[in-house]
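File shown: data.cif. Contents: mmCIF, C-alpha atoms and all ligand atoms.
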```
data_data
loop_
_atom_site.label_atom_id
_atom_site.label_comp_id
_atom_site.auth_asym_id
_atom_site.auth_seq_id
_atom_site.Cartn_x
_atom_site.Cartn_y
_atom_site.Cartn_z
CA MET A 1 -19.72 9.93 -36.50
CA GLN A 2 -15.95 9.52 -36.25
CA THR A 3 -15.21 7.51 -33.10
CA LYS A 4 -11.93 6.50 -31.46
CA ALA A 5 -11.45 2.75 -31.16
CA TYR A 6 -8.90 -0.02 -30.74
CA ALA A 7 -8.79 -2.48 -33.62
CA ALA A 8 -6.88 -5.43 -35.01
CA GLN A 9 -6.17 -4.96 -38.72
CA SER A 10 -5.35 -8.67 -39.19
CA GLY A 11 -5.15 -11.83 -37.13
CA THR A 12 -1.43 -11.31 -36.56
CA THR A 13 -1.24 -7.58 -35.84
CA PRO A 14 -1.65 -6.27 -32.29
CA LEU A 15 -4.64 -4.10 -31.52
CA ALA A 16 -3.94 -0.40 -32.00
CA GLU A 17 -5.74 2.91 -31.92
CA THR A 18 -7.83 3.79 -34.94
CA VAL A 19 -10.90 5.78 -35.91
CA ILE A 20 -14.14 4.09 -36.94
CA ASP A 21 -17.39 5.43 -38.34
CA ARG A 22 -20.55 5.04 -36.25
CA ARG A 23 -23.95 5.71 -37.80
CA ALA A 24 -25.86 8.80 -36.68
CA PRO A 25 -28.64 7.62 -34.32
CA GLY A 26 -31.89 6.88 -36.18
CA GLY A 27 -35.40 6.96 -34.72
CA SER A 28 -35.06 3.81 -32.60
CA ASP A 29 -31.34 4.18 -31.86
CA VAL A 30 -29.50 4.94 -28.65
CA ALA A 31 -26.05 6.56 -28.70
CA ILE A 32 -23.91 5.53 -25.75
CA GLU A 33 -20.63 6.97 -24.50
CA ILE A 34 -18.74 3.84 -23.42
CA LEU A 35 -17.31 4.09 -19.90
CA TYR A 36 -16.19 0.48 -19.37
CA CYS A 37 -15.79 -2.63 -21.49
CA GLY A 38 -15.05 -6.11 -20.16
CA VAL A 39 -12.49 -8.34 -21.87
CA CYS A 40 -13.90 -11.71 -22.95
CA HIS A 41 -11.99 -14.70 -24.30
CA SER A 42 -14.09 -14.38 -27.46
CA ASP A 43 -12.47 -10.98 -28.07
CA LEU A 44 -9.06 -12.60 -28.32
CA HIS A 45 -10.27 -15.56 -30.42
CA THR A 46 -11.92 -13.19 -32.89
CA ALA A 47 -9.20 -10.52 -33.06
CA ARG A 48 -6.57 -13.21 -33.65
CA ALA A 49 -8.75 -15.02 -36.21
CA GLU A 50 -8.65 -18.22 -34.18
CA TRP A 51 -12.28 -18.83 -35.07
CA PRO A 52 -13.33 -18.74 -38.73
CA GLY A 53 -14.99 -15.64 -40.16
CA THR A 54 -13.24 -12.66 -38.59
CA ARG A 55 -13.79 -9.50 -40.63
CA PHE A 56 -11.15 -6.80 -40.33
CA PRO A 57 -10.69 -4.25 -38.98
CA CYS A 58 -11.90 -6.02 -35.84
CA VAL A 59 -12.96 -3.92 -32.83
CA PRO A 60 -13.79 -6.44 -30.08
CA GLY A 61 -15.76 -5.93 -26.86
CA HIS A 62 -19.26 -7.07 -25.90
CA GLU A 63 -19.43 -6.27 -22.20
CA ILE A 64 -20.30 -2.61 -22.54
CA VAL A 65 -21.46 -0.14 -19.90
CA GLY A 66 -21.84 3.55 -20.57
CA ARG A 67 -23.97 6.68 -20.48
CA VAL A 68 -26.67 7.57 -22.99
CA THR A 69 -25.72 10.67 -24.97
CA ALA A 70 -28.50 10.80 -27.57
CA VAL A 71 -31.72 8.95 -28.39
CA GLY A 72 -33.95 8.78 -31.46
CA ASP A 73 -37.55 10.07 -31.47
CA ALA A 74 -39.06 6.60 -31.02
CA VAL A 75 -36.91 5.58 -28.03
CA THR A 76 -38.89 5.13 -24.81
CA ARG A 77 -36.86 2.90 -22.46
CA VAL A 78 -33.80 5.06 -21.90
CA ALA A 79 -33.13 8.78 -21.77
CA VAL A 80 -30.07 10.96 -22.22
CA GLY A 81 -27.91 10.77 -19.09
CA ASP A 82 -29.03 7.24 -18.10
CA PHE A 83 -26.52 4.45 -17.57
CA ALA A 84 -27.04 1.72 -20.13
CA ALA A 85 -25.40 -1.50 -21.26
CA VAL A 86 -24.91 -3.52 -24.42
CA GLY A 87 -24.05 -7.21 -24.46
CA CYS A 88 -23.21 -9.73 -27.16
CA LEU A 89 -25.85 -8.92 -29.77
CA VAL A 90 -27.11 -5.75 -31.43
CA ASP A 91 -29.63 -7.07 -33.94
CA SER A 92 -31.60 -10.13 -35.07
CA CYS A 93 -34.41 -10.85 -37.55
CA ARG A 94 -37.07 -10.11 -34.88
CA THR A 95 -39.66 -12.20 -36.70
CA CYS A 96 -38.64 -15.85 -36.24
CA ALA A 97 -39.95 -18.14 -33.50
CA SER A 98 -36.91 -17.65 -31.27
CA CYS A 99 -36.96 -13.85 -31.61
CA GLY A 100 -40.69 -14.00 -30.83
CA GLU A 101 -39.89 -15.81 -27.58
CA ASP A 102 -37.22 -13.28 -26.53
CA LEU A 103 -34.45 -15.73 -27.38
CA GLU A 104 -32.72 -13.55 -29.97
CA GLN A 105 -29.43 -15.37 -29.39
CA TYR A 106 -30.97 -18.38 -31.16
CA CYS A 107 -32.37 -16.29 -34.04
CA GLU A 108 -33.39 -18.58 -36.89
CA GLY A 109 -33.38 -15.83 -39.51
CA PRO A 110 -31.14 -16.30 -42.55
CA HIS A 111 -28.14 -14.66 -40.86
CA GLY A 112 -28.72 -15.53 -37.19
CA PHE A 113 -28.19 -12.76 -34.67
CA CYS A 114 -25.89 -9.84 -35.35
CA GLY A 115 -22.96 -9.83 -32.94
CA THR A 116 -21.95 -6.59 -31.25
CA TYR A 117 -18.63 -6.99 -33.06
CA ASN A 118 -17.82 -9.02 -36.14
CA GLY A 119 -21.59 -9.00 -36.67
CA TRP A 120 -23.14 -10.72 -39.66
CA ALA A 121 -19.99 -12.81 -39.85
CA ASP A 122 -21.46 -14.45 -42.95
CA GLY A 123 -20.73 -11.20 -44.77
CA SER A 124 -24.41 -10.41 -45.39
CA GLY A 125 -24.25 -6.91 -43.93
CA GLU A 126 -21.82 -4.29 -42.75
CA ASN A 127 -19.28 -5.32 -40.13
CA THR A 128 -20.06 -4.24 -36.58
CA TYR A 129 -17.58 -2.71 -34.14
CA GLY A 130 -17.66 -3.51 -30.44
CA GLY A 131 -16.91 -1.91 -27.12
CA TYR A 132 -13.21 -1.16 -27.42
CA SER A 133 -14.26 2.29 -28.53
CA ALA A 134 -15.38 5.65 -27.20
CA GLY A 135 -19.00 5.22 -28.19
CA ILE A 136 -21.57 2.97 -29.84
CA VAL A 137 -24.98 3.35 -31.50
CA VAL A 138 -27.46 0.52 -30.89
CA ASP A 139 -31.14 -0.08 -31.56
CA GLU A 140 -33.13 0.40 -28.36
CA HIS A 141 -34.33 -3.21 -28.37
CA PHE A 142 -30.76 -4.35 -27.72
CA VAL A 143 -29.94 -1.77 -25.02
CA LEU A 144 -30.14 -2.78 -21.36
CA ASN A 145 -31.02 -0.59 -18.38
CA VAL A 146 -28.40 -0.48 -15.62
CA ARG A 147 -29.79 -0.03 -12.12
CA HIS A 148 -26.55 -0.54 -10.19
CA GLY A 149 -24.94 2.49 -8.56
CA GLU A 150 -22.32 4.51 -10.42
CA GLN A 151 -19.51 3.11 -8.26
CA ASP A 152 -20.32 -0.41 -9.51
CA LEU A 153 -20.40 0.28 -13.24
CA ALA A 154 -16.99 -1.19 -14.12
CA ALA A 155 -17.82 -4.40 -12.26
CA VAL A 156 -21.22 -4.59 -13.97
CA ALA A 157 -19.66 -4.81 -17.45
CA PRO A 158 -18.77 -8.55 -17.30
CA LEU A 159 -22.37 -9.39 -16.42
CA LEU A 160 -23.20 -8.69 -20.06
CA CYS A 161 -21.41 -11.81 -21.28
CA ALA A 162 -19.92 -13.83 -18.40
CA GLY A 163 -22.96 -13.15 -16.21
CA ILE A 164 -25.72 -13.91 -18.69
CA THR A 165 -23.89 -16.93 -20.14
CA THR A 166 -24.06 -18.65 -16.75
CA TRP A 167 -27.40 -17.13 -15.64
CA SER A 168 -29.33 -18.45 -18.63
CA PRO A 169 -28.60 -22.18 -18.07
CA LEU A 170 -29.01 -21.79 -14.30
CA ARG A 171 -32.50 -20.41 -14.90
CA HIS A 172 -33.43 -22.75 -17.75
CA TRP A 173 -32.47 -25.86 -15.76
CA GLY A 174 -34.08 -24.56 -12.58
CA ALA A 175 -31.17 -23.84 -10.24
CA GLY A 176 -32.59 -22.85 -6.87
CA PRO A 177 -33.29 -24.05 -3.34
CA GLY A 178 -33.03 -27.82 -2.96
CA LYS A 179 -30.92 -28.19 -6.12
CA LYS A 180 -27.28 -29.24 -6.20
CA VAL A 181 -25.44 -27.27 -8.87
CA GLY A 182 -21.86 -27.68 -10.03
CA ILE A 183 -19.79 -24.99 -11.74
CA VAL A 184 -16.73 -26.26 -13.61
CA GLY A 185 -13.83 -23.82 -14.01
CA ILE A 186 -13.43 -20.78 -11.78
CA GLY A 187 -12.55 -18.09 -14.31
CA GLY A 188 -14.43 -15.21 -15.89
CA LEU A 189 -17.59 -17.24 -16.50
CA GLY A 190 -17.24 -19.68 -13.62
CA HIS A 191 -16.81 -17.06 -10.90
CA MET A 192 -20.11 -15.53 -12.01
CA GLY A 193 -21.70 -18.97 -12.18
CA VAL A 194 -20.80 -19.59 -8.53
CA LYS A 195 -22.07 -16.18 -7.40
CA LEU A 196 -25.35 -16.46 -9.33
CA ALA A 197 -26.11 -20.08 -8.41
CA ASP A 198 -25.47 -19.19 -4.78
CA ALA A 199 -27.73 -16.12 -4.99
CA LEU A 200 -30.47 -18.28 -6.56
CA GLY A 201 -30.36 -20.47 -3.46
CA ALA A 202 -28.78 -23.65 -4.87
CA HIS A 203 -26.23 -25.82 -3.10
CA VAL A 204 -23.14 -24.87 -5.09
CA VAL A 205 -20.10 -27.02 -5.74
CA ALA A 206 -17.16 -25.41 -7.53
CA PHE A 207 -14.88 -27.66 -9.60
CA THR A 208 -11.33 -26.50 -10.14
CA THR A 209 -8.04 -28.13 -11.10
CA SER A 210 -5.99 -25.82 -8.90
CA ASP A 211 -6.05 -26.07 -5.12
CA SER A 212 -4.95 -22.43 -5.04
CA LYS A 213 -8.48 -21.41 -6.08
CA ARG A 214 -10.14 -23.35 -3.25
CA GLN A 215 -10.39 -20.49 -0.74
CA ASP A 216 -11.45 -18.05 -3.45
CA ALA A 217 -14.26 -20.36 -4.55
CA PHE A 218 -15.63 -20.44 -1.01
CA LYS A 219 -15.47 -16.64 -0.88
CA LEU A 220 -17.42 -16.42 -4.16
CA GLY A 221 -20.22 -18.45 -2.59
CA ALA A 222 -19.42 -22.13 -3.14
CA ASP A 223 -20.67 -24.51 -0.44
CA GLU A 224 -18.12 -27.14 -1.45
CA VAL A 225 -15.03 -27.15 -3.64
CA VAL A 226 -13.81 -30.22 -5.54
CA ASN A 227 -10.44 -30.65 -7.19
CA SER A 228 -11.54 -32.37 -10.41
CA ARG A 229 -8.11 -34.01 -10.75
CA SER A 230 -8.75 -35.99 -7.56
CA ALA A 231 -10.60 -39.21 -8.41
CA GLU A 232 -11.42 -39.62 -4.74
CA GLU A 233 -12.98 -36.16 -4.37
CA MET A 234 -14.94 -36.68 -7.59
CA ALA A 235 -16.21 -40.12 -6.56
CA ALA A 236 -17.61 -38.67 -3.34
CA HIS A 237 -20.13 -36.71 -5.48
CA ALA A 238 -21.21 -39.54 -7.82
CA ARG A 239 -24.87 -39.42 -8.99
CA SER A 240 -25.69 -36.33 -6.92
CA PHE A 241 -25.97 -33.25 -9.17
CA ASP A 242 -29.12 -31.82 -10.71
CA LEU A 243 -27.10 -29.54 -12.95
CA ILE A 244 -23.46 -28.95 -13.81
CA VAL A 245 -22.54 -25.86 -15.82
CA ASN A 246 -19.19 -26.42 -17.49
CA THR A 247 -17.34 -23.21 -18.43
CA VAL A 248 -14.06 -24.83 -19.48
CA ALA A 249 -13.13 -24.05 -23.09
CA ALA A 250 -10.25 -26.55 -23.42
CA PRO A 251 -11.13 -30.02 -24.74
CA HIS A 252 -11.46 -32.50 -21.86
CA ASN A 253 -13.11 -35.75 -20.80
CA LEU A 254 -16.78 -35.06 -20.05
CA ASP A 255 -17.46 -38.52 -18.61
CA ALA A 256 -15.95 -37.54 -15.27
CA PHE A 257 -18.79 -35.00 -14.94
CA THR A 258 -21.72 -36.93 -16.44
CA ALA A 259 -20.97 -39.64 -13.83
CA LEU A 260 -21.71 -37.05 -11.13
CA LEU A 261 -25.23 -36.30 -12.41
CA ARG A 262 -28.24 -37.79 -10.70
CA ARG A 263 -31.05 -39.29 -12.80
CA ASP A 264 -32.31 -36.67 -15.32
CA GLY A 265 -29.42 -34.36 -14.48
CA ALA A 266 -27.81 -32.20 -17.15
CA LEU A 267 -24.23 -31.25 -17.94
CA VAL A 268 -24.47 -27.92 -19.78
CA LEU A 269 -21.52 -26.74 -21.84
CA VAL A 270 -21.00 -22.99 -22.19
CA GLY A 271 -17.29 -22.96 -23.04
CA ALA A 272 -16.40 -23.11 -26.74
CA PRO A 273 -13.37 -25.39 -27.30
CA SER A 274 -11.22 -24.79 -30.38
CA SER A 275 -11.19 -28.57 -31.02
CA PRO A 276 -13.82 -31.13 -29.95
CA HIS A 277 -14.10 -32.77 -26.55
CA PRO A 278 -13.41 -36.54 -26.63
CA SER A 279 -16.61 -38.38 -27.52
CA PRO A 280 -18.65 -38.88 -24.33
CA ALA A 281 -19.47 -42.35 -22.93
CA VAL A 282 -23.03 -43.11 -24.02
CA PHE A 283 -23.64 -45.53 -21.13
CA ASN A 284 -23.16 -42.66 -18.68
CA LEU A 285 -26.11 -40.96 -20.39
CA ILE A 286 -28.39 -43.97 -20.90
CA PHE A 287 -28.08 -45.20 -17.33
CA GLY A 288 -29.78 -42.29 -15.62
CA ARG A 289 -31.38 -40.49 -18.57
CA ARG A 290 -28.70 -37.88 -18.21
CA ALA A 291 -28.18 -35.13 -20.76
CA ILE A 292 -25.30 -33.18 -22.21
CA ALA A 293 -26.53 -29.83 -23.49
CA GLY A 294 -25.21 -26.50 -24.66
CA SER A 295 -26.32 -22.93 -23.95
CA LEU A 296 -25.49 -19.65 -25.68
CA ILE A 297 -25.39 -16.32 -23.77
CA GLY A 298 -29.02 -15.20 -23.21
CA GLY A 299 -31.83 -13.18 -24.76
CA ILE A 300 -32.30 -9.46 -24.16
CA LYS A 301 -35.27 -9.88 -21.79
CA GLU A 302 -33.40 -12.49 -19.78
CA THR A 303 -30.29 -10.29 -19.69
CA GLN A 304 -32.35 -7.45 -18.23
CA GLU A 305 -33.80 -9.83 -15.62
CA MET A 306 -30.27 -10.91 -14.66
CA LEU A 307 -29.04 -7.29 -14.43
CA ASP A 308 -32.01 -6.31 -12.26
CA PHE A 309 -31.53 -9.37 -10.02
CA CYS A 310 -27.86 -8.47 -9.61
CA ALA A 311 -28.66 -4.80 -8.90
CA GLU A 312 -31.14 -5.81 -6.19
CA ARG A 313 -28.69 -8.24 -4.57
CA GLY A 314 -25.61 -6.06 -5.02
CA ILE A 315 -23.95 -8.66 -7.25
CA THR A 316 -21.12 -7.63 -9.58
CA SER A 317 -18.06 -9.29 -11.10
CA ASP A 318 -14.61 -9.34 -9.54
CA VAL A 319 -12.60 -7.22 -11.93
CA GLU A 320 -9.15 -5.80 -12.59
CA MET A 321 -9.19 -2.48 -14.40
CA ILE A 322 -6.77 -1.90 -17.26
CA ALA A 323 -5.94 0.90 -19.67
CA MET A 324 -6.93 0.42 -23.31
CA GLN A 325 -3.25 0.56 -24.26
CA ASP A 326 -2.55 -2.55 -22.12
CA ILE A 327 -4.95 -4.84 -23.95
CA GLU A 328 -2.30 -7.10 -25.50
CA ASP A 329 -0.70 -7.68 -22.08
CA ALA A 330 -4.14 -8.43 -20.70
CA TYR A 331 -4.71 -11.02 -23.45
CA GLU A 332 -1.44 -12.74 -22.57
CA ARG A 333 -2.35 -12.79 -18.89
CA MET A 334 -5.84 -14.07 -19.72
CA LEU A 335 -4.26 -16.95 -21.64
CA ARG A 336 -2.38 -17.85 -18.44
CA SER A 337 -5.59 -17.48 -16.36
CA ASP A 338 -3.72 -14.74 -14.51
CA VAL A 339 -6.75 -12.57 -13.73
CA LYS A 340 -9.28 -12.44 -10.91
CA TYR A 341 -11.60 -12.76 -12.68
CA ARG A 342 -12.24 -10.36 -15.51
CA PHE A 343 -10.28 -7.51 -17.04
CA VAL A 344 -12.30 -4.37 -17.62
CA ILE A 345 -11.02 -1.54 -19.79
CA ASP A 346 -11.38 1.96 -18.37
CA MET A 347 -12.43 3.68 -21.57
CA ALA A 348 -11.30 7.09 -20.26
CA THR A 349 -7.80 5.87 -21.19
CA LEU A 350 -8.81 5.72 -24.86
CA LYS A 351 -10.40 9.14 -24.86
CA ALA A 352 -7.46 10.82 -23.08
ZN ZN B 401 -18.05 -12.89 -24.30
ZN ZN B 402 -34.90 -14.19 -35.44
#
```
How does the structure come out when it is put into structure tokens?
Ligand SMILES: [Zn+2]
Ligand SMILES: [Zn+2]
Amino acid sequence: MQTKAYAAQSGTTPLAETVIDRRAPGGSDVAIEILYCGVCHSDLHTARAEWPGTRFPCVPGHEIVGRVTAVGDAVTRVAVGDFAAVGCLVDSCRTCASCGEDLEQYCEGPHGFCGTYNGWADGSGENTYGGYSAGIVVDEHFVLNVRHGEQDLAAVAPLLCAGITTWSPLRHWGAGPGKKVGIVGIGGLGHMGVKLADALGAHVVAFTTSDSKRQDAFKLGADEVVNSRSAEEMAAHARSFDLIVNTVAAPHNLDAFTALLRRDGALVLVGAPSSPHPSPAVFNLIFGRRAIAGSLIGGIKETQEMLDFCAERGITSDVEMIAMQDIEDAYERMLRSDVKYRFVIDMATLKA
């Protein structure tokens, strides 16, 4: 099926309109007309070949919300006309231990999981094309139900990456009532981390380097806001956190945060820096049995749980809508952190 899309043809050419081929839906496939697609930092890194392994043409986008237009005979969970979503992965081996535990993002099969775009980056299968397009065809297992109202759909899109990436560590490390949880960096991921940790009932502390974000962080649900450049403000929270989720993708000194963990606390990294963080101070970890860990998006089952939780509580992202044609401007603004807090593409502008 010929489908309109926006693609980069190389790491140095701007994204532009093109036509891609989508497979006709098979028995377990769901065809979705894409209504909205969030803009993730990974889109930019991949389209500009800043990470190794980009296959061109590259059609980014893994925060997809749309309407089901066709389903295969074996599909049971969605029907034509339903709203549906697709996140960061569209396939995995489905037989390994991780897939068996609904943790497809950690698939241990020979090729790992298949990304929604730039999938099978090891070259083992056909390239996949993401949400900067008019439609997508995805196996039912990797399609999410959307139970938010129609008016919320654009603001639901970023839940599919920014939302689940913060939700998964919050759940895994037990964020909830009686727990003190820090969120480092108040951007696309961090603003969702604050909202979700707050909704889960934790005492939430937002860390930012800009005082201008202080009031916003309170509005998002933070109980306290700390300027991480202030040694005094940081010291006031020494040895007090159960969990700190760090969304910052730029290399920085992690010791300032491990020192804030209580005994057995964890600093969980979800930002992917282009060069390594400085080596952490081991004594900070030994004295207090503290941990530094990482976490990658979330599995399909967990993503559905997060979407349902958000639908029940009326939680969405704070978004700024853009036209598909403005994507390069949006990338430049994203690089300057000039967005509150996620760009979402109105895909009607591609179809027009
Ligand atoms: Zn993403
Ligand atoms: Zn697997």
As a quick test: using all atoms listed in the file, which residues lie no more than 12 Å away from ligand ZN 401 (chain B)? Give them as an MDAnalysis selection string. chainID A and resid 37:46 60:64 86:89 115:117 130:131 157:166 188:189 247 270:272 296:298 342:343
Produce as a PyMOL selection string the set of residues near ligand ZN 402 (chain B), where near means within 12 Å with all atoms listed in the file considered. chain A and resi 89+91-114+299
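Between atom CA of A:Leu269 and atom CA of A:Ile292 lies a distance of 7.5 Å.
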Hey, what's within 7 Å of A:Ser28 if we count all atoms listed in the file and toss same-chain stuff fewer than 3 positions away? As a list in words, please?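 So, after excluding close chain neighbours, the residues are Gly72, Asp73, Ala74, Val75, Asp139 and Glu140 of chain A.
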Do you know which residues are at most 12 Å from stretch 273-282 of chain A counting all atoms listed in the file, after dropping those on the same chain fewer than 2 positions away, and could you put them as number ranges by chain? A: 41-42, 45-46, 49-52, 246-259, 267, 269-271, 284-292
Compare A:Gly182, A:Gly187, A:Pro169, A:Gly149 by their minimum atom-to-atom distance to A:His237, counting only C-alpha atoms, and give me the closest one.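 Selected residue with least distance to A:His237: A:Gly182.
Atom CA of A:Gln2 sits 10.7 Å away from atom CA of A:Ser133.
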Need the neighbours of (-6.4, -4.6, -19.4): which residues are at most 10 Å away, counting all atoms listed in the file, as a list in words?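 Output of the proximity query reads Cys37, Gly38, Val39, Glu320, Met321, Ile322, Ala323, Met324, Gln325, Asp326, Ile327, Glu328, Asp329, Ala330, Tyr331, Arg333, Met334, Val339, Arg342, Phe343, Val344, Ile345 and Asp346 of chain A.
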Residue subset to file, keeping C-alpha atoms, as a compact mmCIF listing (two decimals), in the coordinates of the input:
```txt
# COMPACT_ATOMS: atom_id res chain seq x y z
CA CYS A 37 -15.79 -2.63 -21.49
CA GLY A 38 -15.05 -6.11 -20.16
CA VAL A 39 -12.49 -8.34 -21.87
CA GLU A 320 -9.15 -5.80 -12.59
CA MET A 321 -9.19 -2.48 -14.40
CA ILE A 322 -6.77 -1.90 -17.26
CA ALA A 323 -5.94 0.90 -19.67
CA MET A 324 -6.93 0.42 -23.31
CA GLN A 325 -3.25 0.56 -24.26
CA ASP A 326 -2.55 -2.55 -22.12
CA ILE A 327 -4.95 -4.84 -23.95
CA GLU A 328 -2.30 -7.10 -25.50
CA ASP A 329 -0.70 -7.68 -22.08
CA ALA A 330 -4.14 -8.43 -20.70
CA TYR A 331 -4.71 -11.02 -23.45
CA ARG A 333 -2.35 -12.79 -18.89
CA MET A 334 -5.84 -14.07 -19.72
CA VAL A 339 -6.75 -12.57 -13.73
CA ARG A 342 -12.24 -10.36 -15.51
CA PHE A 343 -10.28 -7.51 -17.04
CA VAL A 344 -12.30 -4.37 -17.62
CA ILE A 345 -11.02 -1.54 -19.79
CA ASP A 346 -11.38 1.96 -18.37
```
Let me make sure I understand: among A:Val146, A:Gly53, A:Tyr132, A:Gln215, which one has the smallest atom-to-atom distance to A:Asp82 if we use only C-alpha atoms? A:Val146
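Comparing the minimum interatomic distances between A:Thr316 and each of A:Arg147, A:Arg67, A:Arg77, A:Lys180, counting only C-alpha atoms, we find that A:Arg147 sits nearest.
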Which residue, A:Arg239, A:Lys301, A:His203, A:His191, has the smallest gap to A:Gly178 when you use only C-alpha atoms? A:His203
Which residues, written as a list in words, have at least one atom at most 6 Å from A:Ile34, with all atoms listed in the file counted and residues fewer than 5 positions away on the same chain left out?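 Once the adjacent positions are removed, what remains is Val65, Gly66, Ala134 and Gly135 of chain A.
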From the options A:Tyr6, A:Met1, A:Asn127, A:Glu17, which residue's atoms come nearest to A:Arg55, counting only C-alpha atoms? A:Asn127
One decimal place gives the atom CA of A:Val19-atom CA of A:Ser124 separation as 23.1 Å
Can you pull out every residue within 7 Å of A:Leu196, counting all atoms listed in the file, but drop anything in the same chain fewer than 4 positions away, and send it as a tab-separated table (two decimals) with C-alpha atoms, in the coordinates of the input?
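As written to disk, around.tsv reads:
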```tsv
chain	number	residue	atom	x	y	z
A	167	TRP	CA	-27.40	-17.13	-15.64
A	192	MET	CA	-20.11	-15.53	-12.01
A	200	LEU	CA	-30.47	-18.28	-6.56
```
I want to know what sits within 10 Å of A:Ala206, based on only C-alpha atoms, with residues of the same chain fewer than 2 positions away left out; could you give that as a PyMOL selection string? chain A and resi 181-186+190-191+193-194+204+208+213-214+217-218+220-228+244-245
Have a look at A:Asp21, A:Asp122, A:Asp318, A:Asp338 and name the one nearest to A:Asp152; count only C-alpha atoms. A:Asp318
With all atoms of stretch 221-229 of chain A from the file as input, state the centre and edge lengths in Å to one decimal of the axis-aligned box that has 3 Å extra on each side, as lines of an AutoDock Vina configuration file.
```
center_x = -14.4
center_y = -26.2
center_z = -5.6
size_x = 18.6
size_y = 21.6
size_z = 16.3
```
When you write stretch 156-201 of chain A out from the block above, keep C-alpha atoms and present the result as a short mmCIF file (atom, residue, chain, number, x, y, z; two decimals), in the first residue's frame, please.
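Okay, selection36.cif is ready:
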```cif
data_model
loop_
_atom_site.label_atom_id
_atom_site.label_comp_id
_atom_site.auth_asym_id
_atom_site.auth_seq_id
_atom_site.Cartn_x
_atom_site.Cartn_y
_atom_site.Cartn_z
CA VAL A 156 -1.82 10.83 24.50
CA ALA A 157 0.80 10.27 21.77
CA PRO A 158 3.87 11.08 23.94
CA LEU A 159 2.74 8.52 26.53
CA LEU A 160 3.90 5.85 24.07
CA CYS A 161 7.58 6.69 24.60
CA ALA A 162 8.06 9.48 27.15
CA GLY A 163 5.27 8.12 29.34
CA ILE A 164 6.23 4.45 29.38
CA THR A 165 9.95 5.19 29.68
CA THR A 166 9.35 6.87 33.03
CA TRP A 167 6.41 4.67 34.11
CA SER A 168 8.35 1.42 33.84
CA PRO A 169 11.13 2.32 36.34
CA LEU A 170 8.63 4.02 38.66
CA ARG A 171 6.67 0.76 38.80
CA HIS A 172 9.68 -1.58 38.88
CA TRP A 173 11.29 0.29 41.79
CA GLY A 174 7.99 0.66 43.63
CA ALA A 175 7.20 4.38 43.48
CA GLY A 176 4.11 5.01 45.57
CA PRO A 177 2.84 6.32 48.89
CA GLY A 178 5.59 6.73 51.49
CA LYS A 179 8.34 6.79 48.85
CA LYS A 180 10.47 9.81 48.00
CA VAL A 181 11.09 9.93 44.26
CA GLY A 182 13.30 12.31 42.32
CA ILE A 183 12.94 13.14 38.64
CA VAL A 184 16.01 14.70 37.02
CA GLY A 185 15.41 16.93 33.99
CA ILE A 186 12.03 18.49 33.28
CA GLY A 187 11.69 17.88 29.55
CA GLY A 188 9.69 15.45 27.42
CA LEU A 189 10.44 12.45 29.64
CA GLY A 190 10.84 14.30 32.93
CA HIS A 191 7.52 16.14 32.79
CA MET A 192 5.80 12.77 32.42
CA GLY A 193 7.93 11.32 35.21
CA VAL A 194 6.73 14.05 37.58
CA LYS A 195 3.07 13.60 36.60
CA LEU A 196 3.18 9.81 36.88
CA ALA A 197 5.15 9.65 40.14
CA ASP A 198 2.72 12.15 41.62
CA ALA A 199 -0.30 10.15 40.41
CA LEU A 200 1.22 6.99 41.92
CA GLY A 201 1.23 8.74 45.29
#
```
